[in-house]
Amino acid sequence: MGFKAWVLIKLFVLQFLSFLCSSADFDFFYFVEQWSPSYCDTKQGCCYPITGRPNEDFGIHGLWPEYTTGEWREFCDRENSFNASQISDLIGRMQKDWPSLACPSGDGTIFWRHEWEKHGTCTSLDQHSYFEAALDLKKKANLLQVLENGGITPGKIYNFTTVKEAIQEGVGYRPVIKCNKDPANNTQLYEVYLCADTSAKNFIECPVFSHGIPCGSSIEFPSFSSDSELHVAI
Ligand code: AMP
Ligand code: AMP
């Protein structure tokens, strides 16, 4: 083989390797927000973070890389563990917009670490870009305001389609809505899934829909109740 051909092959291999490293090996993101009062308003209850009760707002659950086949990957890089020092400038926003409600009370680190290691490591983003992208998507979606604009405010029961359409109208894209049950077994709005492109900067229409248990025709949009925090014994 001539020298020229050899150089060309080498160049091609290098280019292919850099393509593999930089390209996102997934098709889109699910951006999942959670209505904090609904996380707490269950038989299991919740524990407020050590910084106190979060705002009555949606909190981020996660930003999950997905395939259009309906599959996804998890825990892609065990070496790339969560490192809070890489997101120190984002902690204030994280505490407000990505609150941990699991028991026992914590500062959020366990939840953020879990989301980074399970889902974030399967993206092509570094830790700072990953968390910042999720925070920016929350700001962009502005779900609480969007619902209020549609006349939907906490503490009442609504028609499922009205809620879904208000989000579609306000965000511009169709959401997937998941529900859970309060202690009296009423269905309540729990999570809103929106889809984003692989840059995690723009919402897109979801290429596939994640199926859950259907919510039913009417859903509660609860407020934090005075006994929402159940301090479950662990
Ligand atoms: P669920 O059963 O929907 O509450 O999901 C439980 C956990 O499984 C979630 O918190 C995710 O970490 C994971 N999971 C469920 N569906 C997906 C999905 N489409 N993509 C990535 N992770 C998922
Ligand atoms: P994934 O598996 O990625 O979503 O995450 C599921 C895990 O995250 C479960 O162990 C849940 O209990 C936990 N989780 C979901 N929402 C919250 C939250 N708001 N605060 C703390 N942990 C949460």
# chains A, B, ... in the order shown; residues from 1 in each chain; ligands from 1
>>> closest_atom_pairs(of="chain A", to="ligand 1", cutoff="8 Å", atoms="only C-alpha atoms and all ligand atoms", output="Markdown table")
| residue | atom | partner | partner_atom_place_in_ligand_line | distance |
| --- | --- | --- | --- | --- |
| A:Tyr30 | CA | ligand 1 | 20 (N) | 7.0 |
| A:His61 | CA | ligand 1 | 10 (O) | 7.7 |
| A:Gly62 | CA | ligand 1 | 12 (O) | 7.9 |
| A:Trp64 | CA | ligand 1 | 21 (C) | 5.2 |
| A:Pro65 | CA | ligand 1 | 21 (C) | 6.7 |
| A:Glu66 | CA | ligand 1 | 20 (N) | 5.9 |
| A:Gly70 | CA | ligand 1 | 19 (N) | 6.7 |
| A:Glu71 | CA | ligand 1 | 19 (N) | 6.8 |
| A:Trp72 | CA | ligand 1 | 20 (N) | 5.5 |
| A:Arg73 | CA | ligand 1 | 21 (C) | 7.2 |
| A:Glu74 | CA | ligand 1 | 21 (C) | 7.3 |
| A:Glu115 | CA | ligand 1 | 12 (O) | 7.5 |
| A:Lys118 | CA | ligand 1 | 12 (O) | 7.1 |
| A:His119 | CA | ligand 1 | 21 (C) | 7.1 |
| A:Ser210 | CA | ligand 1 | 19 (N) | 6.0 |
| A:Gly212 | CA | ligand 1 | 3 (O) | 7.0 |
>>> residues_around(residues="Asn55 (chain A)", least_positions_apart="2", cutoff="10 Å", atoms="only C-alpha atoms", output="list in words")
Ser36, Pro37, Gly52, Arg53, Asp57, Phe58, Gly59, Lys96, Asp97, Pro99 and Phe224 of chain A
>>> closest_residue(among="A:Ile110, A:Ala84, A:Cys76, A:Ile91", to="ligand 2", atoms="only C-alpha atoms and all ligand atoms")
A:Ile110
>>> residues_near_ligand(ligand="ligand 2", cutoff="10 Å", atoms="only C-alpha atoms and all ligand atoms", output="NGL selection string")
:A and (32-40 or 46-49 or 58-64 or 74 or 98-106 or 108-120 or 191)
>>> select_by_dssp(residues="region 11-229 of chain A", states="helix (DSSP H, G or I)", output="ChimeraX atom specification")
/A:11-22,36-40,84-97,109-118,120-122,127-141,143-149,160-171
>>> residues_around(residues="Tyr193 (chain A)", least_positions_apart="6", cutoff="6 Å", atoms="only C-alpha atoms", output="ChimeraX atom specification")
/A:31-32,175-176
>>> write_last_selection(atoms="N, CA, C and O atoms", output="compact mmCIF listing (two decimals), in the first residue's frame")
# COMPACT_ATOMS: atom_id res chain seq x y z
N PHE A 31 -37.91 15.16 28.66
CA PHE A 31 -37.70 16.10 29.75
C PHE A 31 -38.89 15.90 30.68
O PHE A 31 -40.03 16.16 30.29
N VAL A 32 -38.62 15.41 31.87
CA VAL A 32 -39.72 15.01 32.76
C VAL A 32 -39.81 15.95 33.96
O VAL A 32 -38.84 16.10 34.71
N PRO A 175 -47.78 17.26 25.30
CA PRO A 175 -47.13 16.58 26.43
C PRO A 175 -47.67 15.17 26.63
O PRO A 175 -48.73 14.82 26.10
N VAL A 176 -46.91 14.36 27.36
CA VAL A 176 -47.45 13.11 27.89
C VAL A 176 -47.65 13.36 29.38
O VAL A 176 -46.75 13.88 30.04
>>> atom_distance(atom1="CA of Cys122 (chain A)", atom2="CA of Asp197 (chain A)")
14.5 Å
>>> closest_residue(among="A:Tyr173, A:Ile213, A:Asp126, A:Thr51", to="Ala196 (chain A)", atoms="only C-alpha atoms")
A:Tyr173
